[in-house]
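K.L.:
File work-v4.txt below, compact mmCIF, N, CA and C atoms and all ligand atoms:
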# COMPACT_ATOMS: atom_id res chain seq x y z
N MET A 12 40.09 100.42 140.72
CA MET A 12 40.85 100.95 141.87
C MET A 12 41.62 99.82 142.53
N ALA A 13 42.82 100.13 142.92
CA ALA A 13 43.64 99.11 143.57
C ALA A 13 44.34 99.70 144.78
N LEU A 14 44.52 98.85 145.77
CA LEU A 14 45.26 99.27 146.96
C LEU A 14 46.74 99.39 146.56
N GLU A 15 47.29 100.57 146.78
CA GLU A 15 48.68 100.81 146.39
C GLU A 15 49.44 101.48 147.52
N ARG A 16 50.78 101.46 147.38
CA ARG A 16 51.56 102.31 148.27
C ARG A 16 52.47 103.19 147.42
N THR A 17 52.74 104.37 147.93
CA THR A 17 53.59 105.30 147.21
C THR A 17 54.59 105.93 148.17
N PHE A 18 55.62 106.55 147.57
CA PHE A 18 56.63 107.23 148.39
C PHE A 18 56.37 108.73 148.32
N VAL A 19 56.17 109.31 149.48
CA VAL A 19 55.97 110.76 149.58
C VAL A 19 57.13 111.32 150.39
N MET A 20 57.73 112.39 149.90
CA MET A 20 58.83 113.01 150.63
C MET A 20 58.53 114.50 150.84
N LEU A 21 58.58 114.90 152.10
CA LEU A 21 58.43 116.31 152.44
C LEU A 21 59.82 116.93 152.29
N LYS A 22 59.95 117.83 151.35
CA LYS A 22 61.26 118.35 150.95
C LYS A 22 61.78 119.38 151.96
N PRO A 23 63.07 119.78 151.83
CA PRO A 23 63.64 120.67 152.86
C PRO A 23 62.86 121.96 153.12
N ASP A 24 62.27 122.55 152.08
CA ASP A 24 61.50 123.80 152.29
C ASP A 24 60.25 123.52 153.13
N CYS A 25 59.67 122.35 152.98
CA CYS A 25 58.47 121.96 153.75
C CYS A 25 58.81 121.91 155.24
N VAL A 26 59.97 121.30 155.55
CA VAL A 26 60.40 121.18 156.95
C VAL A 26 60.75 122.57 157.49
N LYS A 27 61.53 123.34 156.72
CA LYS A 27 61.96 124.68 157.17
C LYS A 27 60.79 125.61 157.39
N ARG A 28 59.77 125.51 156.53
CA ARG A 28 58.62 126.42 156.63
C ARG A 28 57.54 125.92 157.60
N ARG A 29 57.84 124.83 158.32
CA ARG A 29 56.89 124.28 159.32
C ARG A 29 55.55 123.91 158.66
N LEU A 30 55.66 123.30 157.44
CA LEU A 30 54.44 122.87 156.74
C LEU A 30 54.21 121.37 156.88
N VAL A 31 55.04 120.71 157.71
CA VAL A 31 54.96 119.25 157.84
C VAL A 31 53.56 118.82 158.29
N GLY A 32 53.05 119.44 159.34
CA GLY A 32 51.73 119.07 159.87
C GLY A 32 50.64 119.32 158.85
N GLU A 33 50.70 120.44 158.17
CA GLU A 33 49.71 120.80 157.15
C GLU A 33 49.65 119.74 156.04
N VAL A 34 50.83 119.34 155.55
CA VAL A 34 50.86 118.40 154.43
C VAL A 34 50.42 117.01 154.89
N ILE A 35 50.90 116.57 156.06
CA ILE A 35 50.50 115.25 156.56
C ILE A 35 48.99 115.25 156.83
N SER A 36 48.48 116.35 157.34
CA SER A 36 47.05 116.45 157.61
C SER A 36 46.22 116.27 156.33
N ARG A 37 46.67 116.88 155.24
CA ARG A 37 45.94 116.75 153.97
C ARG A 37 45.94 115.30 153.49
N ILE A 38 47.09 114.62 153.66
CA ILE A 38 47.20 113.23 153.22
C ILE A 38 46.25 112.35 154.06
N GLU A 39 46.24 112.59 155.35
CA GLU A 39 45.39 111.77 156.23
C GLU A 39 43.91 112.08 156.02
N LYS A 40 43.59 113.36 155.85
CA LYS A 40 42.18 113.73 155.65
C LYS A 40 41.62 113.13 154.37
N LYS A 41 42.48 112.92 153.37
CA LYS A 41 42.04 112.29 152.13
C LYS A 41 41.73 110.81 152.36
N GLY A 42 42.20 110.28 153.48
CA GLY A 42 41.88 108.88 153.80
C GLY A 42 43.06 107.96 153.72
N TYR A 43 44.24 108.51 153.40
CA TYR A 43 45.41 107.65 153.28
C TYR A 43 46.06 107.38 154.62
N LYS A 44 46.76 106.24 154.64
CA LYS A 44 47.41 105.80 155.87
C LYS A 44 48.92 105.91 155.68
N ILE A 45 49.59 106.46 156.69
CA ILE A 45 51.06 106.52 156.66
C ILE A 45 51.55 105.27 157.39
N THR A 46 52.28 104.41 156.66
CA THR A 46 52.68 103.13 157.25
C THR A 46 54.16 103.09 157.62
N ASP A 47 54.94 104.10 157.19
CA ASP A 47 56.32 104.23 157.65
C ASP A 47 56.72 105.68 157.46
N ILE A 48 57.66 106.15 158.28
CA ILE A 48 58.07 107.55 158.20
C ILE A 48 59.47 107.70 158.80
N LYS A 49 60.30 108.54 158.19
CA LYS A 49 61.66 108.75 158.69
C LYS A 49 62.16 110.13 158.28
N MET A 50 62.82 110.81 159.22
CA MET A 50 63.48 112.07 158.87
C MET A 50 64.94 111.76 158.56
N SER A 51 65.45 112.39 157.51
CA SER A 51 66.82 112.09 157.09
C SER A 51 67.40 113.28 156.33
N GLU A 52 68.74 113.36 156.30
CA GLU A 52 69.37 114.33 155.41
C GLU A 52 69.86 113.56 154.19
N LEU A 53 69.67 114.10 153.02
CA LEU A 53 70.08 113.42 151.80
C LEU A 53 71.50 113.85 151.43
N ASP A 54 72.26 112.91 150.83
CA ASP A 54 73.57 113.30 150.31
C ASP A 54 73.50 113.35 148.78
N GLU A 55 74.62 113.80 148.18
CA GLU A 55 74.62 113.99 146.72
C GLU A 55 74.32 112.69 145.98
N ALA A 56 74.88 111.58 146.46
CA ALA A 56 74.68 110.29 145.76
C ALA A 56 73.19 109.93 145.73
N PHE A 57 72.49 110.15 146.85
CA PHE A 57 71.06 109.85 146.91
C PHE A 57 70.30 110.70 145.89
N VAL A 58 70.59 111.99 145.88
CA VAL A 58 69.85 112.91 144.99
C VAL A 58 70.11 112.55 143.53
N ARG A 59 71.34 112.16 143.22
CA ARG A 59 71.67 111.77 141.84
C ARG A 59 70.90 110.52 141.42
N GLU A 60 70.68 109.59 142.35
CA GLU A 60 69.89 108.39 142.03
C GLU A 60 68.41 108.72 141.92
N GLN A 61 67.91 109.47 142.91
CA GLN A 61 66.49 109.80 142.96
C GLN A 61 66.07 110.61 141.73
N TYR A 62 66.95 111.52 141.31
CA TYR A 62 66.62 112.41 140.19
C TYR A 62 67.52 112.15 138.99
N SER A 63 67.85 110.87 138.75
CA SER A 63 68.77 110.53 137.65
C SER A 63 68.22 111.01 136.30
N HIS A 64 66.86 111.07 136.19
CA HIS A 64 66.26 111.51 134.92
C HIS A 64 66.50 112.99 134.65
N LEU A 65 67.00 113.71 135.64
CA LEU A 65 67.18 115.17 135.48
C LEU A 65 68.65 115.60 135.44
N ILE A 66 69.57 114.61 135.60
CA ILE A 66 71.00 114.95 135.53
C ILE A 66 71.27 115.50 134.12
N GLY A 67 71.95 116.62 134.05
CA GLY A 67 72.21 117.23 132.73
C GLY A 67 71.30 118.41 132.45
N ARG A 68 70.17 118.49 133.16
CA ARG A 68 69.30 119.66 132.97
C ARG A 68 69.94 120.87 133.64
N SER A 69 69.65 122.04 133.11
CA SER A 69 70.32 123.27 133.59
C SER A 69 70.06 123.53 135.07
N PHE A 70 68.90 123.11 135.55
CA PHE A 70 68.54 123.38 136.95
C PHE A 70 69.03 122.30 137.91
N PHE A 71 69.72 121.25 137.39
CA PHE A 71 70.11 120.16 138.29
C PHE A 71 71.00 120.62 139.46
N PRO A 72 72.02 121.48 139.23
CA PRO A 72 72.83 121.94 140.37
C PRO A 72 71.99 122.62 141.45
N GLU A 73 71.01 123.38 141.02
CA GLU A 73 70.10 124.07 141.96
C GLU A 73 69.26 123.04 142.73
N LEU A 74 68.80 122.02 142.02
CA LEU A 74 68.00 120.96 142.63
C LEU A 74 68.83 120.20 143.67
N LEU A 75 70.08 119.92 143.32
CA LEU A 75 70.99 119.21 144.22
C LEU A 75 71.23 120.03 145.49
N LYS A 76 71.48 121.31 145.32
CA LYS A 76 71.73 122.19 146.46
C LYS A 76 70.49 122.25 147.37
N TYR A 77 69.35 122.38 146.75
CA TYR A 77 68.07 122.44 147.49
C TYR A 77 67.81 121.16 148.27
N MET A 78 67.95 120.01 147.62
CA MET A 78 67.58 118.75 148.26
C MET A 78 68.55 118.33 149.36
N THR A 79 69.76 118.96 149.37
CA THR A 79 70.73 118.65 150.43
C THR A 79 70.82 119.81 151.44
N SER A 80 69.87 120.74 151.38
CA SER A 80 69.96 121.96 152.22
C SER A 80 69.40 121.78 153.62
N GLY A 81 68.81 120.64 153.90
CA GLY A 81 68.24 120.41 155.23
C GLY A 81 67.51 119.09 155.25
N PRO A 82 67.01 118.70 156.41
CA PRO A 82 66.36 117.39 156.50
C PRO A 82 65.07 117.30 155.68
N VAL A 83 64.79 116.07 155.25
CA VAL A 83 63.53 115.75 154.57
C VAL A 83 62.82 114.69 155.42
N ILE A 84 61.54 114.50 155.15
CA ILE A 84 60.79 113.44 155.81
C ILE A 84 60.19 112.55 154.72
N GLY A 85 60.60 111.28 154.73
CA GLY A 85 60.08 110.33 153.74
C GLY A 85 59.01 109.46 154.37
N MET A 86 57.98 109.15 153.59
CA MET A 86 56.85 108.38 154.11
C MET A 86 56.39 107.34 153.10
N VAL A 87 55.87 106.25 153.61
CA VAL A 87 55.12 105.31 152.79
C VAL A 87 53.65 105.63 153.01
N VAL A 88 52.95 105.92 151.92
CA VAL A 88 51.53 106.30 152.00
C VAL A 88 50.72 105.22 151.27
N GLU A 89 49.73 104.70 151.97
CA GLU A 89 49.00 103.54 151.46
C GLU A 89 47.51 103.83 151.31
N GLY A 90 46.91 103.33 150.25
CA GLY A 90 45.47 103.47 150.05
C GLY A 90 45.09 103.20 148.61
N GLU A 91 43.81 103.39 148.31
CA GLU A 91 43.31 103.15 146.95
C GLU A 91 44.00 104.10 145.96
N SER A 92 44.55 103.54 144.90
CA SER A 92 45.21 104.33 143.84
C SER A 92 46.14 105.40 144.40
N ALA A 93 46.89 105.04 145.42
CA ALA A 93 47.70 106.03 146.15
C ALA A 93 48.70 106.76 145.24
N VAL A 94 49.26 106.07 144.27
CA VAL A 94 50.27 106.70 143.42
C VAL A 94 49.65 107.86 142.64
N ARG A 95 48.58 107.55 141.91
CA ARG A 95 47.98 108.56 141.02
C ARG A 95 47.29 109.66 141.81
N ILE A 96 46.58 109.28 142.85
CA ILE A 96 45.80 110.28 143.58
C ILE A 96 46.70 111.18 144.44
N MET A 97 47.79 110.62 144.99
CA MET A 97 48.73 111.50 145.71
C MET A 97 49.33 112.54 144.77
N ARG A 98 49.62 112.14 143.53
CA ARG A 98 50.15 113.12 142.55
C ARG A 98 49.14 114.23 142.30
N LYS A 99 47.84 113.86 142.31
CA LYS A 99 46.80 114.89 142.14
C LYS A 99 46.76 115.83 143.34
N LEU A 100 46.86 115.27 144.54
CA LEU A 100 46.85 116.12 145.75
C LEU A 100 48.07 117.04 145.76
N ILE A 101 49.21 116.53 145.27
CA ILE A 101 50.45 117.31 145.26
C ILE A 101 50.38 118.45 144.24
N GLY A 102 49.86 118.17 143.06
CA GLY A 102 49.74 119.19 142.02
C GLY A 102 50.90 119.17 141.04
N ALA A 103 50.80 120.01 140.02
CA ALA A 103 51.75 120.02 138.91
C ALA A 103 53.14 120.46 139.36
N THR A 104 54.15 120.00 138.60
CA THR A 104 55.55 120.33 138.91
C THR A 104 55.78 121.84 138.84
N ARG A 105 55.34 122.44 137.75
CA ARG A 105 55.55 123.87 137.52
C ARG A 105 54.61 124.69 138.40
N VAL A 106 55.19 125.67 139.07
CA VAL A 106 54.40 126.45 140.01
C VAL A 106 53.22 127.15 139.30
N ALA A 107 53.44 127.57 138.06
CA ALA A 107 52.39 128.28 137.33
C ALA A 107 51.24 127.35 136.92
N ASP A 108 51.52 126.04 136.90
CA ASP A 108 50.48 125.07 136.50
C ASP A 108 49.80 124.41 137.69
N ALA A 109 50.35 124.59 138.88
CA ALA A 109 49.80 123.90 140.06
C ALA A 109 48.52 124.63 140.52
N GLU A 110 47.42 123.89 140.46
CA GLU A 110 46.10 124.49 140.75
C GLU A 110 45.94 124.78 142.25
N PRO A 111 45.28 125.90 142.57
CA PRO A 111 44.91 126.13 143.97
C PRO A 111 44.14 124.93 144.50
N GLY A 112 44.37 124.60 145.76
CA GLY A 112 43.73 123.41 146.33
C GLY A 112 44.67 122.23 146.37
N THR A 113 45.70 122.26 145.50
CA THR A 113 46.74 121.24 145.59
C THR A 113 47.82 121.75 146.56
N ILE A 114 48.66 120.84 147.03
CA ILE A 114 49.71 121.25 147.99
C ILE A 114 50.65 122.26 147.33
N ARG A 115 51.13 121.94 146.12
CA ARG A 115 52.03 122.88 145.45
C ARG A 115 51.28 124.16 145.06
N GLY A 116 50.05 124.03 144.62
CA GLY A 116 49.26 125.21 144.24
C GLY A 116 49.07 126.17 145.40
N ASP A 117 48.95 125.63 146.59
CA ASP A 117 48.72 126.47 147.76
C ASP A 117 50.01 126.97 148.41
N PHE A 118 51.11 126.22 148.29
CA PHE A 118 52.30 126.57 149.09
C PHE A 118 53.58 126.80 148.31
N ALA A 119 53.70 126.30 147.07
CA ALA A 119 54.96 126.47 146.34
C ALA A 119 54.97 127.79 145.59
N PHE A 120 56.15 128.42 145.53
CA PHE A 120 56.24 129.63 144.72
C PHE A 120 57.46 129.67 143.82
N THR A 121 58.21 128.55 143.75
CA THR A 121 59.25 128.43 142.71
C THR A 121 59.14 127.04 142.10
N ASP A 122 59.73 126.86 140.89
CA ASP A 122 59.67 125.56 140.23
C ASP A 122 60.54 124.53 140.93
N THR A 123 61.60 124.97 141.60
CA THR A 123 62.48 124.02 142.27
C THR A 123 61.96 123.66 143.65
N GLU A 124 61.69 124.67 144.46
CA GLU A 124 61.29 124.42 145.85
C GLU A 124 59.77 124.23 145.90
N ASN A 125 59.37 122.97 145.69
CA ASN A 125 57.92 122.75 145.55
C ASN A 125 57.36 121.79 146.61
N VAL A 126 57.94 121.86 147.80
CA VAL A 126 57.35 121.34 149.04
C VAL A 126 57.34 119.82 149.19
N VAL A 127 56.91 119.11 148.15
CA VAL A 127 56.65 117.68 148.35
C VAL A 127 56.91 116.87 147.08
N HIS A 128 57.33 115.63 147.28
CA HIS A 128 57.55 114.67 146.19
C HIS A 128 56.56 113.53 146.31
N GLY A 129 56.07 113.03 145.18
CA GLY A 129 55.28 111.80 145.15
C GLY A 129 55.71 110.97 143.97
N SER A 130 55.84 109.66 144.16
CA SER A 130 56.27 108.76 143.07
C SER A 130 55.32 108.85 141.89
N ASP A 131 55.87 108.60 140.67
CA ASP A 131 55.03 108.73 139.48
C ASP A 131 54.52 107.39 138.94
N SER A 132 54.91 106.26 139.54
CA SER A 132 54.39 104.95 139.12
C SER A 132 54.56 103.98 140.29
N PRO A 133 53.78 102.89 140.32
CA PRO A 133 53.96 101.90 141.39
C PRO A 133 55.37 101.31 141.40
N GLU A 134 55.96 101.13 140.20
CA GLU A 134 57.32 100.57 140.12
C GLU A 134 58.33 101.53 140.75
N ASN A 135 58.22 102.81 140.40
CA ASN A 135 59.14 103.80 140.99
C ASN A 135 58.88 103.95 142.49
N ALA A 136 57.64 103.80 142.91
CA ALA A 136 57.33 103.89 144.35
C ALA A 136 58.14 102.84 145.12
N GLU A 137 58.15 101.60 144.62
CA GLU A 137 58.88 100.54 145.31
C GLU A 137 60.39 100.83 145.32
N LEU A 138 60.91 101.29 144.19
CA LEU A 138 62.35 101.64 144.11
C LEU A 138 62.67 102.75 145.10
N GLU A 139 61.82 103.77 145.14
CA GLU A 139 62.08 104.94 145.98
C GLU A 139 61.94 104.62 147.47
N ILE A 140 60.96 103.77 147.80
CA ILE A 140 60.79 103.34 149.20
C ILE A 140 62.04 102.58 149.64
N ASN A 141 62.49 101.64 148.81
CA ASN A 141 63.69 100.86 149.16
C ASN A 141 64.91 101.76 149.30
N ARG A 142 65.05 102.69 148.36
CA ARG A 142 66.21 103.59 148.39
C ARG A 142 66.22 104.38 149.70
N PHE A 143 65.09 104.95 150.05
CA PHE A 143 65.04 105.86 151.20
C PHE A 143 65.15 105.13 152.53
N PHE A 144 64.53 103.97 152.61
CA PHE A 144 64.49 103.29 153.91
C PHE A 144 65.58 102.23 154.09
N ARG A 145 66.44 102.05 153.08
CA ARG A 145 67.38 100.92 153.14
C ARG A 145 68.41 101.07 154.25
N TYR A 146 68.65 102.30 154.71
CA TYR A 146 69.65 102.49 155.77
C TYR A 146 69.06 102.34 157.17
N LYS A 147 67.76 102.00 157.23
CA LYS A 147 67.10 101.91 158.53
C LYS A 147 67.72 100.78 159.37
N VAL A 148 68.08 101.12 160.59
CA VAL A 148 68.62 100.11 161.50
C VAL A 148 67.46 99.27 162.01
N PRO A 149 67.52 97.93 161.83
CA PRO A 149 66.41 97.10 162.29
C PRO A 149 66.26 97.20 163.81
N SER A 150 65.04 97.27 164.26
CA SER A 150 64.79 97.36 165.70
C SER A 150 65.02 96.00 166.35
N LYS A 151 65.71 96.01 167.48
CA LYS A 151 65.99 94.74 168.17
C LYS A 151 64.93 94.47 169.25
N VAL A 152 64.08 95.45 169.47
CA VAL A 152 63.11 95.33 170.57
C VAL A 152 61.98 94.38 170.17
P1 LIG A 201 57.81 115.95 139.95
O1 LIG A 201 58.46 116.29 141.28
O2 LIG A 201 56.52 116.71 139.77
O3 LIG A 201 57.68 114.47 139.72
P2 LIG A 201 60.11 115.97 138.13
O4 LIG A 201 60.07 116.34 136.69
O5 LIG A 201 60.34 114.54 138.49
O6 LIG A 201 58.75 116.53 138.80
O7 LIG A 201 61.23 116.88 138.80
C1 LIG A 201 61.73 116.60 140.07
C2 LIG A 201 61.98 117.89 140.82
O8 LIG A 201 62.97 118.68 140.14
C3 LIG A 201 60.76 118.82 140.88
O9 LIG A 201 59.84 118.45 141.89
C4 LIG A 201 61.43 120.15 141.16
O10 LIG A 201 61.86 120.23 142.52
C5 LIG A 201 62.64 120.06 140.25
N1 LIG A 201 62.36 120.58 138.89
C6 LIG A 201 61.73 119.92 137.89
N2 LIG A 201 61.62 120.66 136.77
C7 LIG A 201 62.21 121.84 137.09
C8 LIG A 201 62.44 123.05 136.33
O11 LIG A 201 62.08 123.17 135.15
N3 LIG A 201 63.07 124.08 136.98
C9 LIG A 201 63.48 123.96 138.27
N4 LIG A 201 63.31 122.85 139.02
C10 LIG A 201 62.68 121.79 138.43
MG MG A 202 59.16 113.04 139.42
With the file now loaded, output its structure as structure tokens.
P.N.:
Amino acid sequence: MALERTFVMLKPDCVKRRLVGEVISRIEKKGYKITDIKMSELDEAFVREQYSHLIGRSFFPELLKYMTSGPVIGMVVEGESAVRIMRKLIGATRVADAEPGTIRGDFAFTDTENVVHGSDSPENAELEINRFFRYKVPSKV
């Protein structure tokens, strides 16, 4: 086991459906610490970078429309094996495969609008954290 950090993003449907507290509560109850958080709207360029592995797939236009449909909340989540274990808490990508008890298993009902994102490796976590938080204005206080 290793202390890790991962990037978790509450997607537009999560914010619209008022599931933010529920999802954050599950992350905290598992014992993880949220060490940074920001609400933001994503633009097309961001979504194309974040989901570059899916450009060309038939559902990409739908994914782009969804991810730019409203604000998201990005977080840095820290704890033991945070990358792998957060993916377990989140559940499978496909709604039919997401087990009850996982966030997607309990709340998602389409393959696209699946409530929450979690990085799939420590390397991608660092890339995704930098991508999401890079526009943050440094505090002068
Ligand atoms: P992940 O979010 O579980 O890591 P990825 O394969 O990285 O899954 O896909 C990113 C996002 O693209 C998914 O969370 C979902 O919103 C959307 N997506 C992935 N596969 C499909 C699909 O087959 N149909 C519709 N949307 C999909
Ligand atoms: Mg992924």
K.L.:
Taking 5 positions as the minimum chain separation for residues in the same chain, which residues sit within 6 Å of region 81-87 of chain A when counting only C-alpha atoms? Answer as a VMD selection string.
P.N.:
chain A and resid 17 to 23 45 to 52
K.L.:
Write out as a PyMOL selection string all residues of region 14-133 of chain A that backbone DSSP assigns to strand (DSSP E or B).
P.N.:
chain A and resi 14-21+44-51+83-91+111+113+127-129
K.L.:
Which chains and residue numbers are within 8 Å of ligand LIG 201 (chain A), counting only N, CA and C atoms and all ligand atoms, if I want them as a ChimeraX atom specification?
P.N.:
/A:61-62,64-65,69-71,73-75,78,98,101-105,121-131
K.L.:
May I have the selected residues written with N, CA and C atoms, as a PDB file, in the coordinates of the input?
P.N.:
ATOM      1  N   GLN A  61      67.910 109.470 142.910  1.00  0.00           N
ATOM      2  CA  GLN A  61      66.490 109.800 142.960  1.00  0.00           C
ATOM      3  C   GLN A  61      66.070 110.610 141.730  1.00  0.00           C
ATOM      4  N   TYR A  62      66.950 111.520 141.310  1.00  0.00           N
ATOM      5  CA  TYR A  62      66.620 112.410 140.190  1.00  0.00           C
ATOM      6  C   TYR A  62      67.520 112.150 138.990  1.00  0.00           C
ATOM      7  N   HIS A  64      66.860 111.070 136.190  1.00  0.00           N
ATOM      8  CA  HIS A  64      66.260 111.510 134.920  1.00  0.00           C
ATOM      9  C   HIS A  64      66.500 112.990 134.650  1.00  0.00           C
ATOM     10  N   LEU A  65      67.000 113.710 135.640  1.00  0.00           N
ATOM     11  CA  LEU A  65      67.180 115.170 135.480  1.00  0.00           C
ATOM     12  C   LEU A  65      68.650 115.600 135.440  1.00  0.00           C
ATOM     13  N   SER A  69      69.650 122.040 133.110  1.00  0.00           N
ATOM     14  CA  SER A  69      70.320 123.270 133.590  1.00  0.00           C
ATOM     15  C   SER A  69      70.060 123.530 135.070  1.00  0.00           C
ATOM     16  N   PHE A  70      68.900 123.110 135.550  1.00  0.00           N
ATOM     17  CA  PHE A  70      68.540 123.380 136.950  1.00  0.00           C
ATOM     18  C   PHE A  70      69.030 122.300 137.910  1.00  0.00           C
ATOM     19  N   PHE A  71      69.720 121.250 137.390  1.00  0.00           N
ATOM     20  CA  PHE A  71      70.110 120.160 138.290  1.00  0.00           C
ATOM     21  C   PHE A  71      71.000 120.620 139.460  1.00  0.00           C
ATOM     22  N   GLU A  73      71.010 123.380 141.020  1.00  0.00           N
ATOM     23  CA  GLU A  73      70.100 124.070 141.960  1.00  0.00           C
ATOM     24  C   GLU A  73      69.260 123.040 142.730  1.00  0.00           C
ATOM     25  N   LEU A  74      68.800 122.020 142.020  1.00  0.00           N
ATOM     26  CA  LEU A  74      68.000 120.960 142.630  1.00  0.00           C
ATOM     27  C   LEU A  74      68.830 120.200 143.670  1.00  0.00           C
ATOM     28  N   LEU A  75      70.080 119.920 143.320  1.00  0.00           N
ATOM     29  CA  LEU A  75      70.990 119.210 144.220  1.00  0.00           C
ATOM     30  C   LEU A  75      71.230 120.030 145.490  1.00  0.00           C
ATOM     31  N   MET A  78      67.950 120.010 147.620  1.00  0.00           N
ATOM     32  CA  MET A  78      67.580 118.750 148.260  1.00  0.00           C
ATOM     33  C   MET A  78      68.550 118.330 149.360  1.00  0.00           C
ATOM     34  N   ARG A  98      49.620 112.140 143.530  1.00  0.00           N
ATOM     35  CA  ARG A  98      50.150 113.120 142.550  1.00  0.00           C
ATOM     36  C   ARG A  98      49.140 114.230 142.300  1.00  0.00           C
ATOM     37  N   ILE A 101      49.210 116.530 145.270  1.00  0.00           N
ATOM     38  CA  ILE A 101      50.450 117.310 145.260  1.00  0.00           C
ATOM     39  C   ILE A 101      50.380 118.450 144.240  1.00  0.00           C
ATOM     40  N   GLY A 102      49.860 118.170 143.060  1.00  0.00           N
ATOM     41  CA  GLY A 102      49.740 119.190 142.020  1.00  0.00           C
ATOM     42  C   GLY A 102      50.900 119.170 141.040  1.00  0.00           C
ATOM     43  N   ALA A 103      50.800 120.010 140.020  1.00  0.00           N
ATOM     44  CA  ALA A 103      51.750 120.020 138.910  1.00  0.00           C
ATOM     45  C   ALA A 103      53.140 120.460 139.360  1.00  0.00           C
ATOM     46  N   THR A 104      54.150 120.000 138.600  1.00  0.00           N
ATOM     47  CA  THR A 104      55.550 120.330 138.910  1.00  0.00           C
ATOM     48  C   THR A 104      55.780 121.840 138.840  1.00  0.00           C
ATOM     49  N   ARG A 105      55.340 122.440 137.750  1.00  0.00           N
ATOM     50  CA  ARG A 105      55.550 123.870 137.520  1.00  0.00           C
ATOM     51  C   ARG A 105      54.610 124.690 138.400  1.00  0.00           C
ATOM     52  N   THR A 121      58.210 128.550 143.750  1.00  0.00           N
ATOM     53  CA  THR A 121      59.250 128.430 142.710  1.00  0.00           C
ATOM     54  C   THR A 121      59.140 127.040 142.100  1.00  0.00           C
ATOM     55  N   ASP A 122      59.730 126.860 140.890  1.00  0.00           N
ATOM     56  CA  ASP A 122      59.670 125.560 140.230  1.00  0.00           C
ATOM     57  C   ASP A 122      60.540 124.530 140.930  1.00  0.00           C
ATOM     58  N   THR A 123      61.600 124.970 141.600  1.00  0.00           N
ATOM     59  CA  THR A 123      62.480 124.020 142.270  1.00  0.00           C
ATOM     60  C   THR A 123      61.960 123.660 143.650  1.00  0.00           C
ATOM     61  N   GLU A 124      61.690 124.670 144.460  1.00  0.00           N
ATOM     62  CA  GLU A 124      61.290 124.420 145.850  1.00  0.00           C
ATOM     63  C   GLU A 124      59.770 124.230 145.900  1.00  0.00           C
ATOM     64  N   ASN A 125      59.370 122.970 145.690  1.00  0.00           N
ATOM     65  CA  ASN A 125      57.920 122.750 145.550  1.00  0.00           C
ATOM     66  C   ASN A 125      57.360 121.790 146.610  1.00  0.00           C
ATOM     67  N   VAL A 126      57.940 121.860 147.800  1.00  0.00           N
ATOM     68  CA  VAL A 126      57.350 121.340 149.040  1.00  0.00           C
ATOM     69  C   VAL A 126      57.340 119.820 149.190  1.00  0.00           C
ATOM     70  N   VAL A 127      56.910 119.110 148.150  1.00  0.00           N
ATOM     71  CA  VAL A 127      56.650 117.680 148.350  1.00  0.00           C
ATOM     72  C   VAL A 127      56.910 116.870 147.080  1.00  0.00           C
ATOM     73  N   HIS A 128      57.330 115.630 147.280  1.00  0.00           N
ATOM     74  CA  HIS A 128      57.550 114.670 146.190  1.00  0.00           C
ATOM     75  C   HIS A 128      56.560 113.530 146.310  1.00  0.00           C
ATOM     76  N   GLY A 129      56.070 113.030 145.180  1.00  0.00           N
ATOM     77  CA  GLY A 129      55.280 111.800 145.150  1.00  0.00           C
ATOM     78  C   GLY A 129      55.710 110.970 143.970  1.00  0.00           C
ATOM     79  N   SER A 130      55.840 109.660 144.160  1.00  0.00           N
ATOM     80  CA  SER A 130      56.270 108.760 143.070  1.00  0.00           C
ATOM     81  C   SER A 130      55.320 108.850 141.890  1.00  0.00           C
ATOM     82  N   ASP A 131      55.870 108.600 140.670  1.00  0.00           N
ATOM     83  CA  ASP A 131      55.030 108.730 139.480  1.00  0.00           C
ATOM     84  C   ASP A 131      54.520 107.390 138.940  1.00  0.00           C
TER      85      ASP A 131
END
K.L.:
What is the distance, in Å and to one decimal place, between atom C of Tyr43 (chain A) and atom C of Arg145 (chain A)?
P.N.:
23.2 Å
K.L.:
Quick one: pull the distance between atom N of Tyr77 (chain A) and CA of Lys40 (chain A), Å, one decimal.
P.N.:
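Interatomic distance, atom N of Tyr77 (chain A) to CA of Lys40 (chain A): 29.9 Å.
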K.L.:
Would you list, as a VMD selection string, the residues of chain A that end up in helix (DSSP H, G or I) under DSSP run on this structure's backbone?
P.N.:
chain A and resid 23 to 27 31 to 40 55 to 61 63 to 65 71 to 78 93 to 101 114 to 118 133 to 144
K.L.:
May I have the residues within 10 Å of Arg16 (chain A) as number ranges by chain, using only C-alpha atoms and disregarding those fewer than 4 positions away in the same chain?
P.N.:
A: 43-46, 86-94, 97, 130, 132-133, 136-137, 140
K.L.:
List as a JSON list (two decimals) with N, CA and C atoms, keeping the file's coordinate frame the protein and nucleic acid residues near Asp54 (chain A), meaning an atom at most 6 Å away when all atoms listed in the file are counted, but skip any in the same chain fewer than 3 places from it.
P.N.:
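In the end it all went to selection.json:
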[["chain", "number", "residue", "atom", "x", "y", "z"],
["A", 57, "PHE", "N", 72.49, 110.15, 146.85],
["A", 57, "PHE", "CA", 71.06, 109.85, 146.91],
["A", 57, "PHE", "C", 70.30, 110.70, 145.89],
["A", 58, "VAL", "N", 70.59, 111.99, 145.88],
["A", 58, "VAL", "CA", 69.85, 112.91, 144.99],
["A", 58, "VAL", "C", 70.11, 112.55, 143.53],
["A", 79, "THR", "N", 69.76, 118.96, 149.37],
["A", 79, "THR", "CA", 70.73, 118.65, 150.43],
["A", 79, "THR", "C", 70.82, 119.81, 151.44]]
K.L.:
Given the choices A:Ala119, A:Leu100, A:Ala109, A:Ala13, which gets closest to Arg37 (chain A) if the distance is worked out from all atoms listed in the file?
P.N.:
A:Leu100
K.L.:
Which residue, A:Gly42, A:Arg142, A:Lys99, A:Gly32, has the smallest gap to Gly116 (chain A) when you use only C-alpha atoms?
P.N.:
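Smallest separation from Gly116 (chain A) among the options: A:Lys99.
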K.L.:
So which one's closest to ligand MG 202 (chain A), A:Leu14, A:Ile35, A:Asn141, A:Asn135? Using only C-alpha atoms and all ligand atoms, please.
P.N.:
A:Asn135
